[in-house]
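> Supplied in structure tokens, the structure appears directly below.
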Amino acid sequence: MFFSSFDIKNNNVKNSESSEINVVCIIWQQYGPYHISRLEAVREKLPSKDVFGIEISSNTKTYGWIRSKSCINYVHSLLNSEVAERVSFIRVFFKALVIFRQRGVQLAFIPSYWPSSSVAFILAAKITGSKIIMMNDSHAHTSRATGLKAFIKKRLVLMFDGALVAGHPHQEYFSKLGMPINNIVLGYDVVNNEHFISKSRYNKLNKSSLTIKYGLPKKYILNVGRMVEKKNLSILIEAYKIMRLNIPNIYPKLVFVGDGVCKDELVNLCLKYSMNIWQEEYNSVNLDKDIDVYFYNFKQIEELTIFYSLASIFVLPSKYEEWGLVVNEAMASGIPVVVSETAGCAYDLVQNYITGIKFNPLNADELEQHLTNLVCNEELSKTLTLNGQKHIAKWGLNRFAEGVCDAIKIVAK
């Protein structure tokens, strides 16, 4: 056997003699602000246990997050000088093996069954006798594996002792893959609601100065996220084109915040429809008043709160989406949300025309009707906002911490 040369006896004995779990690590490829908040919530919930984080590296090619340096006391970076996505399976495996042994890890929360770095953590945990919980937000609409890949996926999933997933569609999905439903707990995808609520209040009180500083229009429809194909942002532009024709005198502006490979394509689509555009990367914030569509670059979480809290409507039009944390953020910030019915969060967060609005992401006319309805019906907008804030309160950091506690109980049986 490949692993026969490793001395795993001591760790296995230690972990098998007692069912009590005292050393817990929560793993992500890279710890961004969202992950740090969740880890801190767990540490606060379980002060008597040794709870710490592991990341491959603080550098990533996917996100440009800036984080507080205070977290270095409880987040261990395996290879901090390298880009997380480029570290090989074997290097992650051996580094994980060392830290698991050094810290005496009894339970590891691992992000998914793939990519290969996740498999490396799974094997390191198995060798050292650690229990493993899968953190995942895949569901039926995001599943792409078929044939041999589907078989391997199921085998990897069944290596876990349980799962911490985002919501009910995700729980159902992994149950169908063979994991006992009682071993699948909810609460994976949450944000620091209190942060967005408090920042929203401050930003709204300072709306005039912030609008000038960032060159924002008085009323706008907002989208935040990566500009990639699955985000389906062209359908939002299509719907916006129709809205401009249907309510020419009162339509709000359209604001995108983010970057990605589809950005030029989206800009060109706006130009095709004779929309006046502005791009932050090429211009200052001193804007003309006749701009229709604004393209802002990627923003850190502190600046993002400004864009959320001053928006009139938030839209997530993804063709498929594992969850959609931007919806959590928008609801906590106090704006009505219009969300693709295939997004992972739609089932648990969006009760149609109660806490938000769901729509078919392939139907621009339907999306336009919902947007126009919100623009023209201020009372509806207020109702969705208030209901949305009340509902999202159930999906805060404490829910993640409780999910971790529930998972600990599962493996300690």
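Chain labels follow the order of the structure tokens: the first chain is A, the next B, and so on; residue numbering restarts at 1 in every chain, and ligands are counted from 1 in their shown order.
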If you count only C-alpha atoms, which residues fall within 6 Å of region 326-341 of chain A, apart from same-chain ones fewer than 4 positions away, as a PyMOL selection string?
chain A and resi 193+196-197+200+308-309+313-318+346+356-361+384-385+388-389
> Would you output that residue set with C-alpha atoms, as a tab-separated table (two decimals), in the first residue's frame?

```tsv
chain	number	residue	atom	x	y	z
A	193	ASN	CA	-25.19	39.86	8.77
A	196	PHE	CA	-23.81	44.53	6.59
A	197	ILE	CA	-26.72	45.82	8.70
A	200	SER	CA	-25.96	49.88	5.65
A	308	TYR	CA	-25.34	47.34	-1.59
A	309	SER	CA	-26.87	49.79	0.85
A	313	ILE	CA	-32.71	46.43	-6.33
A	314	PHE	CA	-30.22	43.56	-6.36
A	315	VAL	CA	-30.28	40.95	-9.16
A	316	LEU	CA	-28.59	37.53	-9.35
A	317	PRO	CA	-29.40	36.10	-12.82
A	318	SER	CA	-27.09	33.03	-12.81
A	346	ALA	CA	-33.34	30.49	-3.95
A	356	GLY	CA	-37.72	38.39	-2.61
A	357	ILE	CA	-38.55	37.44	-6.17
A	358	LYS	CA	-37.57	34.33	-8.15
A	359	PHE	CA	-37.45	34.16	-11.94
A	360	ASN	CA	-36.51	31.95	-14.87
A	361	PRO	CA	-32.91	32.94	-15.75
A	384	LEU	CA	-39.70	42.65	0.36
A	385	THR	CA	-36.88	44.57	2.04
A	388	GLY	CA	-35.92	39.84	3.56
A	389	GLN	CA	-33.97	41.35	6.44
```
> Hey, which bits of region 296-330 of chain A sit within 7 Å of region 136-144 of chain A, and for each residue what's the closest pair of atoms and how far apart in Å (one decimal), counting only C-alpha atoms, rows by chain and increasing number, as JSON lines?

```
{"residue": "A:Tyr320", "atom": "CA", "partner": "A:Thr142", "partner_atom": "CA", "distance": 6.0}
{"residue": "A:Glu321", "atom": "CA", "partner": "A:Thr142", "partner_atom": "CA", "distance": 6.7}
{"residue": "A:Glu322", "atom": "CA", "partner": "A:Ser138", "partner_atom": "CA", "distance": 5.3}
{"residue": "A:Trp323", "atom": "CA", "partner": "A:Asp137", "partner_atom": "CA", "distance": 6.3}
```
> If you run DSSP on the backbone, which residues of region 348-394 of chain A are alpha helix (DSSP H), as a PyMOL selection string?
chain A and resi 348-349+364-376+378-392
> Could the residues in this selection be written to a file with N, CA and C atoms, as a PDB file, in the first residue's frame?

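The file below, again.pdb, is the result:
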```pdb
ATOM      1  N   ASP A 348     -34.119  28.362   0.005  1.00  0.00           N
ATOM      2  CA  ASP A 348     -34.125  28.673   1.433  1.00  0.00           C
ATOM      3  C   ASP A 348     -34.262  30.159   1.742  1.00  0.00           C
ATOM      4  N   LEU A 349     -33.787  31.023   0.866  1.00  0.00           N
ATOM      5  CA  LEU A 349     -33.790  32.457   1.178  1.00  0.00           C
ATOM      6  C   LEU A 349     -34.933  33.231   0.531  1.00  0.00           C
ATOM      7  N   ALA A 364     -35.759  36.913 -20.352  1.00  0.00           N
ATOM      8  CA  ALA A 364     -35.498  38.340 -20.126  1.00  0.00           C
ATOM      9  C   ALA A 364     -36.790  39.119 -19.896  1.00  0.00           C
ATOM     10  N   ASP A 365     -37.853  38.727 -20.577  1.00  0.00           N
ATOM     11  CA  ASP A 365     -39.133  39.425 -20.423  1.00  0.00           C
ATOM     12  C   ASP A 365     -39.672  39.262 -19.003  1.00  0.00           C
ATOM     13  N   GLU A 366     -39.559  38.058 -18.460  1.00  0.00           N
ATOM     14  CA  GLU A 366     -40.023  37.825 -17.095  1.00  0.00           C
ATOM     15  C   GLU A 366     -39.220  38.651 -16.101  1.00  0.00           C
ATOM     16  N   LEU A 367     -37.902  38.658 -16.279  1.00  0.00           N
ATOM     17  CA  LEU A 367     -37.052  39.451 -15.386  1.00  0.00           C
ATOM     18  C   LEU A 367     -37.416  40.925 -15.468  1.00  0.00           C
ATOM     19  N   GLU A 368     -37.628  41.424 -16.677  1.00  0.00           N
ATOM     20  CA  GLU A 368     -38.001  42.843 -16.842  1.00  0.00           C
ATOM     21  C   GLU A 368     -39.309  43.162 -16.135  1.00  0.00           C
ATOM     22  N   GLN A 369     -40.277  42.277 -16.219  1.00  0.00           N
ATOM     23  CA  GLN A 369     -41.567  42.517 -15.561  1.00  0.00           C
ATOM     24  C   GLN A 369     -41.414  42.626 -14.051  1.00  0.00           C
ATOM     25  N   HIS A 370     -40.582  41.762 -13.472  1.00  0.00           N
ATOM     26  CA  HIS A 370     -40.344  41.827 -12.031  1.00  0.00           C
ATOM     27  C   HIS A 370     -39.642  43.132 -11.648  1.00  0.00           C
ATOM     28  N   LEU A 371     -38.646  43.505 -12.434  1.00  0.00           N
ATOM     29  CA  LEU A 371     -37.894  44.727 -12.140  1.00  0.00           C
ATOM     30  C   LEU A 371     -38.789  45.958 -12.258  1.00  0.00           C
ATOM     31  N   THR A 372     -39.577  46.010 -13.323  1.00  0.00           N
ATOM     32  CA  THR A 372     -40.490  47.138 -13.516  1.00  0.00           C
ATOM     33  C   THR A 372     -41.516  47.203 -12.395  1.00  0.00           C
ATOM     34  N   ASN A 373     -41.994  46.055 -11.973  1.00  0.00           N
ATOM     35  CA  ASN A 373     -42.952  45.995 -10.872  1.00  0.00           C
ATOM     36  C   ASN A 373     -42.362  46.611  -9.606  1.00  0.00           C
ATOM     37  N   LEU A 374     -41.114  46.287  -9.312  1.00  0.00           N
ATOM     38  CA  LEU A 374     -40.454  46.841  -8.131  1.00  0.00           C
ATOM     39  C   LEU A 374     -40.214  48.338  -8.256  1.00  0.00           C
ATOM     40  N   VAL A 375     -39.800  48.763  -9.437  1.00  0.00           N
ATOM     41  CA  VAL A 375     -39.537  50.193  -9.656  1.00  0.00           C
ATOM     42  C   VAL A 375     -40.815  51.011  -9.500  1.00  0.00           C
ATOM     43  N   CYS A 376     -41.914  50.475  -9.992  1.00  0.00           N
ATOM     44  CA  CYS A 376     -43.177  51.219 -10.001  1.00  0.00           C
ATOM     45  C   CYS A 376     -44.014  51.024  -8.733  1.00  0.00           C
ATOM     46  N   GLU A 378     -43.436  51.100  -4.927  1.00  0.00           N
ATOM     47  CA  GLU A 378     -42.557  51.360  -3.790  1.00  0.00           C
ATOM     48  C   GLU A 378     -42.966  50.564  -2.554  1.00  0.00           C
ATOM     49  N   GLU A 379     -44.267  50.345  -2.394  1.00  0.00           N
ATOM     50  CA  GLU A 379     -44.747  49.601  -1.227  1.00  0.00           C
ATOM     51  C   GLU A 379     -44.271  48.147  -1.289  1.00  0.00           C
ATOM     52  N   LEU A 380     -44.297  47.558  -2.475  1.00  0.00           N
ATOM     53  CA  LEU A 380     -43.802  46.197  -2.654  1.00  0.00           C
ATOM     54  C   LEU A 380     -42.315  46.122  -2.321  1.00  0.00           C
ATOM     55  N   SER A 381     -41.567  47.096  -2.800  1.00  0.00           N
ATOM     56  CA  SER A 381     -40.127  47.131  -2.538  1.00  0.00           C
ATOM     57  C   SER A 381     -39.837  47.172  -1.037  1.00  0.00           C
ATOM     58  N   LYS A 382     -40.577  47.990  -0.306  1.00  0.00           N
ATOM     59  CA  LYS A 382     -40.391  48.096   1.142  1.00  0.00           C
ATOM     60  C   LYS A 382     -40.751  46.794   1.846  1.00  0.00           C
ATOM     61  N   THR A 383     -41.828  46.164   1.401  1.00  0.00           N
ATOM     62  CA  THR A 383     -42.275  44.908   2.023  1.00  0.00           C
ATOM     63  C   THR A 383     -41.230  43.810   1.843  1.00  0.00           C
ATOM     64  N   LEU A 384     -40.716  43.669   0.617  1.00  0.00           N
ATOM     65  CA  LEU A 384     -39.699  42.653   0.359  1.00  0.00           C
ATOM     66  C   LEU A 384     -38.436  42.924   1.155  1.00  0.00           C
ATOM     67  N   THR A 385     -38.077  44.196   1.279  1.00  0.00           N
ATOM     68  CA  THR A 385     -36.885  44.568   2.041  1.00  0.00           C
ATOM     69  C   THR A 385     -37.016  44.174   3.503  1.00  0.00           C
ATOM     70  N   LEU A 386     -38.133  44.537   4.130  1.00  0.00           N
ATOM     71  CA  LEU A 386     -38.333  44.246   5.552  1.00  0.00           C
ATOM     72  C   LEU A 386     -38.428  42.742   5.800  1.00  0.00           C
ATOM     73  N   ASN A 387     -39.178  42.045   4.961  1.00  0.00           N
ATOM     74  CA  ASN A 387     -39.296  40.596   5.108  1.00  0.00           C
ATOM     75  C   ASN A 387     -37.957  39.901   4.862  1.00  0.00           C
ATOM     76  N   GLY A 388     -37.218  40.416   3.882  1.00  0.00           N
ATOM     77  CA  GLY A 388     -35.916  39.835   3.556  1.00  0.00           C
ATOM     78  C   GLY A 388     -34.930  39.976   4.695  1.00  0.00           C
ATOM     79  N   GLN A 389     -34.882  41.145   5.311  1.00  0.00           N
ATOM     80  CA  GLN A 389     -33.970  41.345   6.437  1.00  0.00           C
ATOM     81  C   GLN A 389     -34.337  40.448   7.618  1.00  0.00           C
ATOM     82  N   LYS A 390     -35.623  40.314   7.858  1.00  0.00           N
ATOM     83  CA  LYS A 390     -36.073  39.463   8.957  1.00  0.00           C
ATOM     84  C   LYS A 390     -35.707  37.998   8.696  1.00  0.00           C
ATOM     85  N   HIS A 391     -35.879  37.570   7.446  1.00  0.00           N
ATOM     86  CA  HIS A 391     -35.612  36.168   7.107  1.00  0.00           C
ATOM     87  C   HIS A 391     -34.117  35.857   7.122  1.00  0.00           C
ATOM     88  N   ILE A 392     -33.295  36.757   6.603  1.00  0.00           N
ATOM     89  CA  ILE A 392     -31.863  36.481   6.501  1.00  0.00           C
ATOM     90  C   ILE A 392     -31.209  36.434   7.877  1.00  0.00           C
TER      91      ILE A 392
END
```
> Which residues, written as a PDB file with C-alpha atoms, in the first residue's frame, have at least one atom at most 8 Å from Ala41 (chain A), with only C-alpha atoms counted and residues fewer than 2 positions away on the same chain left out?

```pdb
ATOM      1  CA  SER A  37     -15.833  35.444  10.108  1.00  0.00           C
ATOM      2  CA  ARG A  38     -17.172  31.887  10.118  1.00  0.00           C
ATOM      3  CA  LEU A  39     -14.101  30.509  11.866  1.00  0.00           C
ATOM      4  CA  ARG A  43     -14.147  29.692  18.058  1.00  0.00           C
ATOM      5  CA  GLU A  44     -16.477  31.926  20.043  1.00  0.00           C
ATOM      6  CA  LYS A  45     -19.098  29.163  20.202  1.00  0.00           C
ATOM      7  CA  LEU A 397     -22.701  33.353  11.420  1.00  0.00           C
ATOM      8  CA  ASN A 398     -24.354  31.609  14.339  1.00  0.00           C
ATOM      9  CA  PHE A 400     -22.599  28.130  10.619  1.00  0.00           C
ATOM     10  CA  ALA A 401     -21.299  27.723  14.182  1.00  0.00           C
TER      11      ALA A 401
END
```
> Would you give me, as a PyMOL selection string, the residues in region 86-136 of chain A that DSSP reads as strand (DSSP E)?
chain A and resi 107-111+131-136
> One decimal, Å: what's the distance from CA of Phe295 (chain A) over to CA of Ser274 (chain A), could you say?
15.7 Å
> Skipping near chain neighbours, those fewer than 4 positions away, what residues fall within 10 Å of Leu325 (chain A) using only C-alpha atoms, listed as a ChimeraX atom specification?
/A:34,189-191,225,321,329-330,344-345
> Next, dump the selected residues to file, keeping only N, CA and C atoms, as a short mmCIF file (atom, residue, chain, number, x, y, z; two decimals), in the first residue's frame.

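Just written: again_25.cif:
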```cif
data_model
loop_
_atom_site.label_atom_id
_atom_site.label_comp_id
_atom_site.auth_asym_id
_atom_site.auth_seq_id
_atom_site.Cartn_x
_atom_site.Cartn_y
_atom_site.Cartn_z
N TYR A 34 -14.84 36.25 4.47
CA TYR A 34 -16.03 35.44 4.76
C TYR A 34 -15.65 34.22 5.60
N ASP A 189 -23.25 28.25 3.98
CA ASP A 189 -23.11 29.53 3.27
C ASP A 189 -23.81 30.66 4.01
N VAL A 190 -23.06 31.37 4.81
CA VAL A 190 -23.58 32.50 5.58
C VAL A 190 -22.58 33.64 5.52
N VAL A 191 -23.03 34.83 5.89
CA VAL A 191 -22.15 35.99 6.00
C VAL A 191 -22.38 36.65 7.35
N GLY A 225 -20.30 40.52 -8.52
CA GLY A 225 -19.76 39.17 -8.69
C GLY A 225 -18.81 39.07 -9.87
N GLU A 321 -25.94 28.29 -9.91
CA GLU A 321 -25.16 28.92 -8.83
C GLU A 321 -25.19 28.00 -7.63
N GLU A 329 -25.86 39.04 1.38
CA GLU A 329 -25.33 40.38 1.65
C GLU A 329 -26.34 41.45 1.29
N ALA A 330 -26.99 41.28 0.16
CA ALA A 330 -27.98 42.26 -0.28
C ALA A 330 -29.18 42.31 0.67
N GLY A 344 -28.63 28.25 -5.83
CA GLY A 344 -28.73 27.38 -4.67
C GLY A 344 -29.45 28.00 -3.49
N CYS A 345 -29.35 29.32 -3.35
CA CYS A 345 -29.98 30.01 -2.22
C CYS A 345 -31.47 30.25 -2.41
#
```
> Tell me, in Å to one decimal, how far CA of Cys405 (chain A) is from CA of Ile99 (chain A).
22.5 Å
> Residues within 9 Å of Met275 (chain A), please, as JSON, numbers by chain. Count only C-alpha atoms; anything in the same chain fewer than 2 positions from it doesn't count.
{"A": [241, 269, 270, 271, 272, 273, 277, 291, 292, 293]}
> Would you write out those residues with N, CA and C atoms, as a JSON list (two decimals), in the first residue's frame?

```json
[["chain", "number", "residue", "atom", "x", "y", "z"],
["A", 241, "LYS", "N", -32.68, 46.55, -21.24],
["A", 241, "LYS", "CA", -33.00, 47.17, -22.52],
["A", 241, "LYS", "C", -34.52, 47.32, -22.68],
["A", 269, "LEU", "N", -22.23, 44.48, -25.53],
["A", 269, "LEU", "CA", -23.68, 44.27, -25.62],
["A", 269, "LEU", "C", -24.42, 45.56, -25.27],
["A", 270, "CYS", "N", -23.94, 46.25, -24.26],
["A", 270, "CYS", "CA", -24.55, 47.54, -23.89],
["A", 270, "CYS", "C", -24.42, 48.55, -25.03],
["A", 271, "LEU", "N", -23.26, 48.58, -25.65],
["A", 271, "LEU", "CA", -23.05, 49.51, -26.76],
["A", 271, "LEU", "C", -23.95, 49.15, -27.95],
["A", 272, "LYS", "N", -24.14, 47.86, -28.16],
["A", 272, "LYS", "CA", -25.01, 47.40, -29.24],
["A", 272, "LYS", "C", -26.43, 47.94, -29.06],
["A", 273, "TYR", "N", -26.87, 48.03, -27.80],
["A", 273, "TYR", "CA", -28.21, 48.52, -27.50],
["A", 273, "TYR", "C", -28.25, 50.02, -27.25],
["A", 277, "ILE", "N", -22.24, 53.92, -21.46],
["A", 277, "ILE", "CA", -21.56, 53.17, -20.40],
["A", 277, "ILE", "C", -20.41, 53.97, -19.79],
["A", 291, "ILE", "N", -25.22, 58.63, -18.17],
["A", 291, "ILE", "CA", -24.74, 57.25, -18.17],
["A", 291, "ILE", "C", -25.90, 56.30, -17.85],
["A", 292, "ASP", "N", -25.96, 55.19, -18.58],
["A", 292, "ASP", "CA", -26.98, 54.17, -18.34],
["A", 292, "ASP", "C", -26.43, 53.00, -17.51],
["A", 293, "VAL", "N", -25.24, 52.54, -17.89],
["A", 293, "VAL", "CA", -24.67, 51.35, -17.26],
["A", 293, "VAL", "C", -23.26, 51.66, -16.75]]
```
> I'd like to know which of A:Phe109, A:Ala145, A:Glu402, A:Val157 is closest to Ser175 (chain A), using only C-alpha atoms.
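Among the listed residues, the smallest separation from Ser175 (chain A) belongs to A:Val157.
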> Could you tell me how far CA of Phe121 (chain A) lies from CA of Ile27 (chain A), in Å and to one decimal?
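If I compute the distance from CA of Phe121 (chain A) to CA of Ile27 (chain A), I get 8.7 Å.
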> Could you give me, as a list in words, the residues within 10 Å of Glu55 (chain A), counting only C-alpha atoms and dropping anything in the same chain fewer than 6 positions from it?
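Near Glu55 (chain A), the qualifying residues are Ile26, Ile27, Trp28, Gln29, Gln30, Tyr31, Gly32, Val75, His76, Ser77, Leu78, Leu79, Asn80, Ala84, Val92 and Ala96 of chain A.
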> Out of A:Ile122, A:Tyr220, A:Leu46, A:Ala407, which residue has the shortest atom-to-atom distance to Ala163 (chain A) when counting only C-alpha atoms?
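Distance minimum relative to Ala163 (chain A) lands on A:Ala407.
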